[in-house]
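Novice: structure.pdb is reproduced below (PDB, C-alpha atoms, pLDDT in the B column).
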MODEL        1
ATOM      1  CA  MET A   1     -92.308   7.501  29.766  1.00 84.00           C
ATOM      2  CA  ARG A   2     -90.010   7.414  32.748  1.00 88.00           C
ATOM      3  CA  ILE A   3     -91.084   8.694  36.163  1.00 89.00           C
ATOM      4  CA  ASP A   4     -88.630   9.115  39.022  1.00 91.00           C
ATOM      5  CA  ILE A   5     -90.204   9.674  42.433  1.00 90.00           C
ATOM      6  CA  LEU A   6     -87.741  11.230  44.876  1.00 91.00           C
ATOM      7  CA  THR A   7     -88.960  10.672  48.423  1.00 88.00           C
ATOM      8  CA  LEU A   8     -87.847  10.174  52.014  1.00 86.00           C
ATOM      9  CA  PHE A   9     -90.289   7.291  52.360  1.00 84.00           C
ATOM     10  CA  PRO A  10     -89.790   4.897  49.418  1.00 87.00           C
ATOM     11  CA  GLU A  11     -91.569   2.064  51.214  1.00 85.00           C
ATOM     12  CA  MET A  12     -94.854   3.988  50.862  1.00 81.00           C
ATOM     13  CA  TYR A  13     -94.808   3.395  47.097  1.00 80.00           C
ATOM     14  CA  GLU A  14     -93.641  -0.201  46.821  1.00 76.00           C
ATOM     15  CA  GLY A  15     -97.029  -1.884  47.339  1.00 77.00           C
ATOM     16  CA  PHE A  16     -98.778   0.654  45.155  1.00 76.00           C
ATOM     17  CA  LEU A  17     -96.505  -0.070  42.193  1.00 80.00           C
ATOM     18  CA  HIS A  18     -97.077  -3.806  42.291  1.00 79.00           C
ATOM     19  CA  THR A  19    -100.861  -3.854  42.190  1.00 76.00           C
ATOM     20  CA  SER A  20    -103.594  -3.585  39.626  1.00 72.00           C
ATOM     21  CA  ILE A  21    -103.365  -1.080  36.793  1.00 77.00           C
ATOM     22  CA  ILE A  22     -99.962   0.389  37.626  1.00 80.00           C
ATOM     23  CA  ARG A  23     -98.460  -3.114  37.735  1.00 82.00           C
ATOM     24  CA  ARG A  24     -99.909  -3.920  34.304  1.00 82.00           C
ATOM     25  CA  ILE A  25     -98.525  -0.725  32.814  1.00 82.00           C
ATOM     26  CA  LEU A  26     -95.078  -1.563  34.173  1.00 85.00           C
ATOM     27  CA  GLU A  27     -95.302  -5.162  32.930  1.00 86.00           C
ATOM     28  CA  LYS A  28     -96.192  -3.917  29.428  1.00 85.00           C
ATOM     29  CA  ASN A  29     -93.208  -1.506  29.569  1.00 86.00           C
ATOM     30  CA  LEU A  30     -95.514   1.438  28.856  1.00 82.00           C
ATOM     31  CA  ALA A  31     -93.808   3.366  31.631  1.00 84.00           C
ATOM     32  CA  GLU A  32     -90.829   3.007  33.916  1.00 88.00           C
ATOM     33  CA  ILE A  33     -91.244   4.157  37.509  1.00 88.00           C
ATOM     34  CA  ARG A  34     -88.230   4.423  39.763  1.00 90.00           C
ATOM     35  CA  ILE A  35     -88.479   5.160  43.467  1.00 91.00           C
ATOM     36  CA  VAL A  36     -85.455   7.060  44.760  1.00 93.00           C
ATOM     37  CA  ASP A  37     -84.648   7.385  48.459  1.00 93.00           C
ATOM     38  CA  ILE A  38     -83.460  10.970  48.943  1.00 90.00           C
ATOM     39  CA  ARG A  39     -81.776   9.949  52.208  1.00 91.00           C
ATOM     40  CA  THR A  40     -79.101   8.034  50.263  1.00 93.00           C
ATOM     41  CA  TYR A  41     -77.811  11.377  48.953  1.00 93.00           C
ATOM     42  CA  SER A  42     -77.056  12.743  52.412  1.00 91.00           C
ATOM     43  CA  GLN A  43     -73.325  12.920  53.050  1.00 91.00           C
ATOM     44  CA  ASP A  44     -73.244  12.922  56.835  1.00 86.00           C
ATOM     45  CA  LYS A  45     -72.931   9.681  58.786  1.00 86.00           C
ATOM     46  CA  HIS A  46     -76.486   9.923  60.181  1.00 83.00           C
ATOM     47  CA  HIS A  47     -78.038  10.601  56.747  1.00 83.00           C
ATOM     48  CA  HIS A  48     -79.712  13.831  57.872  1.00 82.00           C
ATOM     49  CA  VAL A  49     -81.991  15.371  55.290  1.00 82.00           C
ATOM     50  CA  ASP A  50     -83.655  18.066  57.365  1.00 78.00           C
ATOM     51  CA  ASP A  51     -82.650  21.403  58.786  1.00 73.00           C
ATOM     52  CA  THR A  52     -84.275  24.275  60.657  1.00 69.00           C
ATOM     53  CA  PRO A  53     -85.504  27.223  58.584  1.00 67.00           C
ATOM     54  CA  TYR A  54     -83.053  30.095  58.246  1.00 65.00           C
ATOM     55  CA  GLY A  55     -84.208  32.868  60.546  1.00 62.00           C
ATOM     56  CA  GLY A  56     -86.179  30.480  62.748  1.00 61.00           C
ATOM     57  CA  GLY A  57     -89.760  29.406  62.545  1.00 62.00           C
ATOM     58  CA  ALA A  58     -91.747  26.248  63.117  1.00 62.00           C
ATOM     59  CA  GLY A  59     -90.996  22.911  61.525  1.00 64.00           C
ATOM     60  CA  MET A  60     -88.113  21.525  59.520  1.00 68.00           C
ATOM     61  CA  LEU A  61     -87.080  21.901  55.875  1.00 73.00           C
ATOM     62  CA  MET A  62     -85.479  19.373  53.558  1.00 77.00           C
ATOM     63  CA  LYS A  63     -81.857  20.340  52.910  1.00 80.00           C
ATOM     64  CA  VAL A  64     -81.241  21.816  49.489  1.00 83.00           C
ATOM     65  CA  ASP A  65     -77.877  20.097  48.961  1.00 86.00           C
ATOM     66  CA  VAL A  66     -79.311  16.621  49.553  1.00 88.00           C
ATOM     67  CA  VAL A  67     -82.301  17.191  47.265  1.00 87.00           C
ATOM     68  CA  HIS A  68     -80.063  18.793  44.634  1.00 88.00           C
ATOM     69  CA  ARG A  69     -77.713  15.778  44.554  1.00 91.00           C
ATOM     70  CA  ALA A  70     -80.693  13.419  44.246  1.00 91.00           C
ATOM     71  CA  LEU A  71     -82.163  15.533  41.464  1.00 90.00           C
ATOM     72  CA  LEU A  72     -78.932  15.803  39.460  1.00 89.00           C
ATOM     73  CA  ASP A  73     -78.381  12.060  39.725  1.00 90.00           C
ATOM     74  CA  ASN A  74     -81.862  11.295  38.375  1.00 85.00           C
ATOM     75  CA  ILE A  75     -82.356  13.631  35.427  1.00 83.00           C
ATOM     76  CA  SER A  76     -81.024  12.569  32.064  1.00 79.00           C
ATOM     77  CA  ASP A  77     -81.038  15.930  30.291  1.00 74.00           C
ATOM     78  CA  GLU A  78     -82.402  19.451  30.281  1.00 70.00           C
ATOM     79  CA  TYR A  79     -85.736  18.174  28.905  1.00 76.00           C
ATOM     80  CA  THR A  80     -86.620  16.352  32.118  1.00 87.00           C
ATOM     81  CA  TYR A  81     -89.708  17.960  33.652  1.00 92.00           C
ATOM     82  CA  THR A  82     -89.370  18.438  37.409  1.00 91.00           C
ATOM     83  CA  LEU A  83     -92.358  18.583  39.708  1.00 90.00           C
ATOM     84  CA  LEU A  84     -92.295  19.470  43.406  1.00 88.00           C
ATOM     85  CA  THR A  85     -95.149  18.295  45.613  1.00 84.00           C
ATOM     86  CA  ALA A  86     -95.574  20.184  48.843  1.00 75.00           C
ATOM     87  CA  PRO A  87     -98.350  21.694  50.934  1.00 71.00           C
ATOM     88  CA  GLY A  88     -99.718  25.074  49.937  1.00 74.00           C
ATOM     89  CA  HIS A  89     -99.423  24.852  46.149  1.00 78.00           C
ATOM     90  CA  ARG A  90    -102.201  24.382  43.614  1.00 83.00           C
ATOM     91  CA  PRO A  91    -103.864  20.948  43.353  1.00 81.00           C
ATOM     92  CA  VAL A  92    -103.124  18.582  40.476  1.00 81.00           C
ATOM     93  CA  THR A  93    -105.908  18.406  37.885  1.00 80.00           C
ATOM     94  CA  GLN A  94    -106.822  15.800  35.299  1.00 78.00           C
ATOM     95  CA  LYS A  95    -105.545  18.186  32.586  1.00 86.00           C
ATOM     96  CA  ASP A  96    -102.181  18.243  34.388  1.00 85.00           C
ATOM     97  CA  LEU A  97    -102.081  14.442  34.353  1.00 81.00           C
ATOM     98  CA  GLU A  98    -102.849  14.343  30.639  1.00 83.00           C
ATOM     99  CA  ARG A  99    -100.059  16.873  30.052  1.00 88.00           C
ATOM    100  CA  PHE A 100     -97.631  14.902  32.257  1.00 86.00           C
ATOM    101  CA  SER A 101     -98.513  11.653  30.428  1.00 83.00           C
ATOM    102  CA  LYS A 102     -97.093  13.132  27.197  1.00 85.00           C
ATOM    103  CA  LEU A 103     -93.677  13.809  28.742  1.00 88.00           C
ATOM    104  CA  ASP A 104     -90.728  11.526  28.094  1.00 88.00           C
ATOM    105  CA  GLU A 105     -89.324  11.977  31.569  1.00 91.00           C
ATOM    106  CA  LEU A 106     -90.841  13.305  34.780  1.00 91.00           C
ATOM    107  CA  VAL A 107     -89.123  13.706  38.136  1.00 92.00           C
ATOM    108  CA  ILE A 108     -91.432  14.136  41.119  1.00 90.00           C
ATOM    109  CA  ILE A 109     -89.831  15.476  44.284  1.00 89.00           C
ATOM    110  CA  CYS A 110     -92.057  14.639  47.226  1.00 84.00           C
ATOM    111  CA  GLY A 111     -91.758  17.434  49.744  1.00 73.00           C
ATOM    112  CA  HIS A 112     -91.960  16.505  53.409  1.00 68.00           C
ATOM    113  CA  TYR A 113     -91.788  18.417  56.669  1.00 59.00           C
ATOM    114  CA  GLU A 114     -92.647  22.094  56.185  1.00 59.00           C
ATOM    115  CA  GLY A 115     -91.185  22.043  52.679  1.00 63.00           C
ATOM    116  CA  ILE A 116     -87.824  22.310  50.956  1.00 71.00           C
ATOM    117  CA  ASP A 117     -85.244  25.046  51.176  1.00 71.00           C
ATOM    118  CA  ARG A 118     -86.365  27.614  48.565  1.00 77.00           C
ATOM    119  CA  ARG A 119     -82.999  27.560  46.805  1.00 79.00           C
ATOM    120  CA  ILE A 120     -84.087  24.315  45.099  1.00 81.00           C
ATOM    121  CA  GLU A 121     -86.870  26.167  43.260  1.00 83.00           C
ATOM    122  CA  ARG A 122     -84.601  27.217  40.396  1.00 85.00           C
ATOM    123  CA  TYR A 123     -84.426  23.512  39.410  1.00 86.00           C
ATOM    124  CA  ILE A 124     -88.203  22.997  39.593  1.00 87.00           C
ATOM    125  CA  ASP A 125     -90.517  23.404  36.596  1.00 91.00           C
ATOM    126  CA  GLU A 126     -93.758  23.300  38.561  1.00 91.00           C
ATOM    127  CA  LYS A 127     -95.029  23.095  42.142  1.00 87.00           C
ATOM    128  CA  VAL A 128     -98.227  21.260  43.029  1.00 85.00           C
ATOM    129  CA  GLN A 129    -100.046  20.446  46.219  1.00 78.00           C
ATOM    130  CA  ALA A 130     -99.279  17.215  48.011  1.00 65.00           C
ATOM    131  CA  ALA A 131    -102.562  15.922  49.359  1.00 54.00           C
ATOM    132  CA  SER A 132    -104.563  12.825  50.143  1.00 49.00           C
ATOM    133  CA  ASN A 133    -105.782  12.833  46.529  1.00 54.00           C
ATOM    134  CA  TYR A 134    -102.244  12.450  45.191  1.00 53.00           C
ATOM    135  CA  LEU A 135    -102.414   8.637  44.925  1.00 56.00           C
ATOM    136  CA  ASN A 136    -105.865   9.018  43.434  1.00 58.00           C
ATOM    137  CA  LYS A 137    -104.389  11.220  40.717  1.00 57.00           C
ATOM    138  CA  ILE A 138    -101.648   8.668  39.971  1.00 58.00           C
ATOM    139  CA  TRP A 139    -104.313   5.957  39.850  1.00 59.00           C
ATOM    140  CA  ASN A 140    -106.391   8.012  37.404  1.00 61.00           C
ATOM    141  CA  SER A 141    -103.392   8.681  35.184  1.00 60.00           C
ATOM    142  CA  ALA A 142    -102.684   4.940  35.136  1.00 61.00           C
ATOM    143  CA  ARG A 143    -106.274   4.306  34.062  1.00 61.00           C
ATOM    144  CA  TYR A 144    -105.845   6.937  31.344  1.00 61.00           C
ATOM    145  CA  VAL A 145    -102.744   5.170  30.003  1.00 61.00           C
ATOM    146  CA  LEU A 146    -104.523   1.811  30.249  1.00 60.00           C
ATOM    147  CA  SER A 147    -107.412   3.180  28.183  1.00 63.00           C
ATOM    148  CA  ILE A 148    -104.923   3.811  25.372  1.00 59.00           C
ATOM    149  CA  LEU A 149    -104.030   0.111  25.321  1.00 56.00           C
ATOM    150  CA  GLY A 150    -107.445  -0.858  23.983  1.00 53.00           C
ATOM    151  CA  ASN A 151    -107.714  -4.422  22.682  1.00 49.00           C
ATOM    152  CA  ASP A 152    -103.950  -4.990  22.864  1.00 53.00           C
ATOM    153  CA  PHE A 153    -104.175  -5.444  26.612  1.00 49.00           C
ATOM    154  CA  VAL A 154    -104.706  -9.036  27.755  1.00 47.00           C
ATOM    155  CA  GLU A 155    -105.371  -9.636  31.420  1.00 53.00           C
ATOM    156  CA  THR A 156    -103.938 -12.870  32.798  1.00 51.00           C
ATOM    157  CA  LYS A 157    -106.386 -15.123  34.625  1.00 60.00           C
ATOM    158  CA  LEU A 158    -105.211 -17.534  37.301  1.00 59.00           C
ATOM    159  CA  ASN A 159    -106.504 -21.091  37.416  1.00 67.00           C
ATOM    160  CA  LYS A 160    -107.740 -21.616  40.978  1.00 68.00           C
ATOM    161  CA  ASN A 161    -107.124 -25.375  40.695  1.00 71.00           C
ATOM    162  CA  ASP A 162    -103.380 -24.693  40.438  1.00 70.00           C
ATOM    163  CA  LEU A 163    -103.298 -22.661  43.648  1.00 69.00           C
ATOM    164  CA  SER A 164    -103.048 -23.785  47.246  1.00 73.00           C
ATOM    165  CA  VAL A 165    -105.851 -22.920  49.671  1.00 76.00           C
ATOM    166  CA  LEU A 166    -103.581 -20.306  51.268  1.00 74.00           C
ATOM    167  CA  ASP A 167    -102.781 -18.740  47.882  1.00 68.00           C
ATOM    168  CA  GLN A 168    -106.488 -18.630  47.050  1.00 73.00           C
ATOM    169  CA  TRP A 169    -107.246 -16.933  50.373  1.00 74.00           C
ATOM    170  CA  ILE A 170    -104.469 -14.336  49.806  1.00 71.00           C
ATOM    171  CA  ILE A 171    -105.682 -13.596  46.264  1.00 71.00           C
ATOM    172  CA  ASN A 172    -109.279 -13.251  47.455  1.00 73.00           C
ATOM    173  CA  ARG A 173    -108.203 -10.813  50.193  1.00 73.00           C
ATOM    174  CA  LEU A 174    -106.072  -8.876  47.684  1.00 70.00           C
ATOM    175  CA  ASN A 175    -108.965  -8.667  45.218  1.00 72.00           C
ATOM    176  CA  GLU A 176    -111.292  -7.422  47.969  1.00 75.00           C
ATOM    177  CA  THR A 177    -108.741  -4.792  48.954  1.00 73.00           C
ATOM    178  CA  ILE A 178    -108.262  -3.637  45.347  1.00 72.00           C
ATOM    179  CA  LYS A 179    -112.037  -3.492  44.890  1.00 74.00           C
ATOM    180  CA  ASN A 180    -112.450  -1.381  48.059  1.00 72.00           C
ATOM    181  CA  ILE A 181    -109.594   0.945  47.149  1.00 72.00           C
ATOM    182  CA  THR A 182    -110.929   1.386  43.613  1.00 70.00           C
ATOM    183  CA  MET A 183    -114.440   2.074  44.914  1.00 69.00           C
ATOM    184  CA  ASN A 184    -113.162   4.644  47.437  1.00 66.00           C
ATOM    185  CA  MET A 185    -110.859   6.330  44.912  1.00 60.00           C
ATOM    186  CA  GLU A 186    -113.684   6.734  42.423  1.00 60.00           C
ATOM    187  CA  LYS A 187    -115.879   8.601  44.940  1.00 57.00           C
TER     188      LYS A 187
ENDMDL
END
As structure tokens, how would this structure be written, given the file I've shared?
Specialist:
Amino acid sequence: MRIDILTLFPEMYEGFLHTSIIRRILEKNLAEIRIVDIRTYSQDKHHHVDDTPYGGGAGMLMKVDVVHRALLDNISDEYTYTLLTAPGHRPVTQKDLERFSKLDELVIICGHYEGIDRRIERYIDEKVQAASNYLNKIWNSARYVLSILGNDFVETKLNKNDLSVLDQWIINRLNETIKNITMNMEK
């Protein structure tokens, strides 16, 4: 499975992809996740990606031409499933995640601001709500994929004697953080 996440804030995902279950899935080549900075598809010198809504109104919209270029550059064929996350749509469910996990290719467009110019909707297969539970849903889908691994999955253990005191401290802090995040996500 390949997942492309199109976003204005790629740095938000970098740490998430290199920890715990998601990292293991990527290391086992069970999925490929690419983070795409939508801003790189802007053609003006200031890399603008936002515009005011036609007819006025509050907030800003992501420009359709920028998102369209990013989308066209990151889909391999007509079978790519395209998901738009933005406020005001229905929440993602566990059944959705199970359905998405069976896809060969998924492109997730992360809506920001007040949304995206509606002209992009003809390229979208489904719209879902962007919410605080979004990372939780990705985490749960990763756990679902990991459950499929069964006994084939071997976790690597570090030998503390081979690590410096500083490395041990960093790993302990990281493990505490992962434990706290996991505990809070499972609530």
Novice: Quick one: pull the distance between CA of Ile25 (chain A) and CA of Asp77 (chain A), Å, one decimal.
Specialist: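 Spanning CA of Ile25 (chain A) to CA of Asp77 (chain A) is a straight-line distance of 24.3 Å.
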Novice: Just say which residues the PyMOL selection byres ((chain A and resi 109) around 12) picks in this file, as an MDAnalysis selection string.
Specialist: chainID A and resid 3:10 35:38 62 64 66:68 70:72 74:75 81:86 106:108 110:112 115:116 120:121 123:130
Novice: So, counting only C-alpha atoms, which residue among A:Asp44, A:Asp73, A:Glu32, A:Asp51 is closest to Asp104 (chain A)?
Specialist: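 Ranked by minimum distance to Asp104 (chain A), first place goes to A:Glu32.
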Novice: May I have the residues at most 12 Å from (-87.6, 19.1, 24.5) in the file's coordinates, counting only C-alpha atoms, as a list in words?
Specialist: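 Using only C-alpha atoms, the matching residues come out as Ser76, Asp77, Glu78, Tyr79, Thr80, Tyr81, Lys102, Leu103, Asp104 and Glu105 of chain A.
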Novice: Generate the output file for the selected residues, C-alpha atoms, as a PDB file, in the frame of the given file.
Specialist:
ATOM      1  CA  SER A  76     -81.024  12.569  32.064  1.00 79.00           C
ATOM      2  CA  ASP A  77     -81.038  15.930  30.291  1.00 74.00           C
ATOM      3  CA  GLU A  78     -82.402  19.451  30.281  1.00 70.00           C
ATOM      4  CA  TYR A  79     -85.736  18.174  28.905  1.00 76.00           C
ATOM      5  CA  THR A  80     -86.620  16.352  32.118  1.00 87.00           C
ATOM      6  CA  TYR A  81     -89.708  17.960  33.652  1.00 92.00           C
ATOM      7  CA  LYS A 102     -97.093  13.132  27.197  1.00 85.00           C
ATOM      8  CA  LEU A 103     -93.677  13.809  28.742  1.00 88.00           C
ATOM      9  CA  ASP A 104     -90.728  11.526  28.094  1.00 88.00           C
ATOM     10  CA  GLU A 105     -89.324  11.977  31.569  1.00 91.00           C
TER      11      GLU A 105
END
Novice: One decimal, in Å: what's the spacing between CA of Asp117 (chain A) and CA of Ile33 (chain A)?
Specialist: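 Between CA of Asp117 (chain A) and CA of Ile33 (chain A) the gap works out to 25.7 Å.
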Novice: Selection in question (the file shown): the PyMOL selection byres ((chain A and resi 20) around 10). Which residues does it include, as a PDB file with C-alpha atoms, in the coordinates of the input?
Specialist:
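Below you can see out28.pdb, which holds the result:
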ATOM      1  CA  PHE A  16     -98.778   0.654  45.155  1.00 76.00           C
ATOM      2  CA  LEU A  17     -96.505  -0.070  42.193  1.00 80.00           C
ATOM      3  CA  HIS A  18     -97.077  -3.806  42.291  1.00 79.00           C
ATOM      4  CA  THR A  19    -100.861  -3.854  42.190  1.00 76.00           C
ATOM      5  CA  ILE A  21    -103.365  -1.080  36.793  1.00 77.00           C
ATOM      6  CA  ILE A  22     -99.962   0.389  37.626  1.00 80.00           C
ATOM      7  CA  ARG A  23     -98.460  -3.114  37.735  1.00 82.00           C
ATOM      8  CA  ARG A  24     -99.909  -3.920  34.304  1.00 82.00           C
ATOM      9  CA  ILE A  25     -98.525  -0.725  32.814  1.00 82.00           C
ATOM     10  CA  TRP A 139    -104.313   5.957  39.850  1.00 59.00           C
ATOM     11  CA  ALA A 142    -102.684   4.940  35.136  1.00 61.00           C
ATOM     12  CA  LEU A 174    -106.072  -8.876  47.684  1.00 70.00           C
ATOM     13  CA  ASN A 175    -108.965  -8.667  45.218  1.00 72.00           C
ATOM     14  CA  ILE A 178    -108.262  -3.637  45.347  1.00 72.00           C
ATOM     15  CA  LYS A 179    -112.037  -3.492  44.890  1.00 74.00           C
ATOM     16  CA  THR A 182    -110.929   1.386  43.613  1.00 70.00           C
TER      17      THR A 182
END
Novice: Which distance in Å separates CA of Lys63 (chain A) and CA of Arg119 (chain A), to one decimal?
Specialist: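 A separation of 9.5 Å between them.
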Novice: Box for region 96-100 of chain A: with edges along x, y and z, all listed atoms inside and 5 Å added on each side, what are the centre and edge lengths in Å to one decimal, as JSON?
Specialist:
{"center_x": -100.2, "center_y": 16.3, "center_z": 32.2, "size_x": 15.2, "size_y": 13.9, "size_z": 14.3}
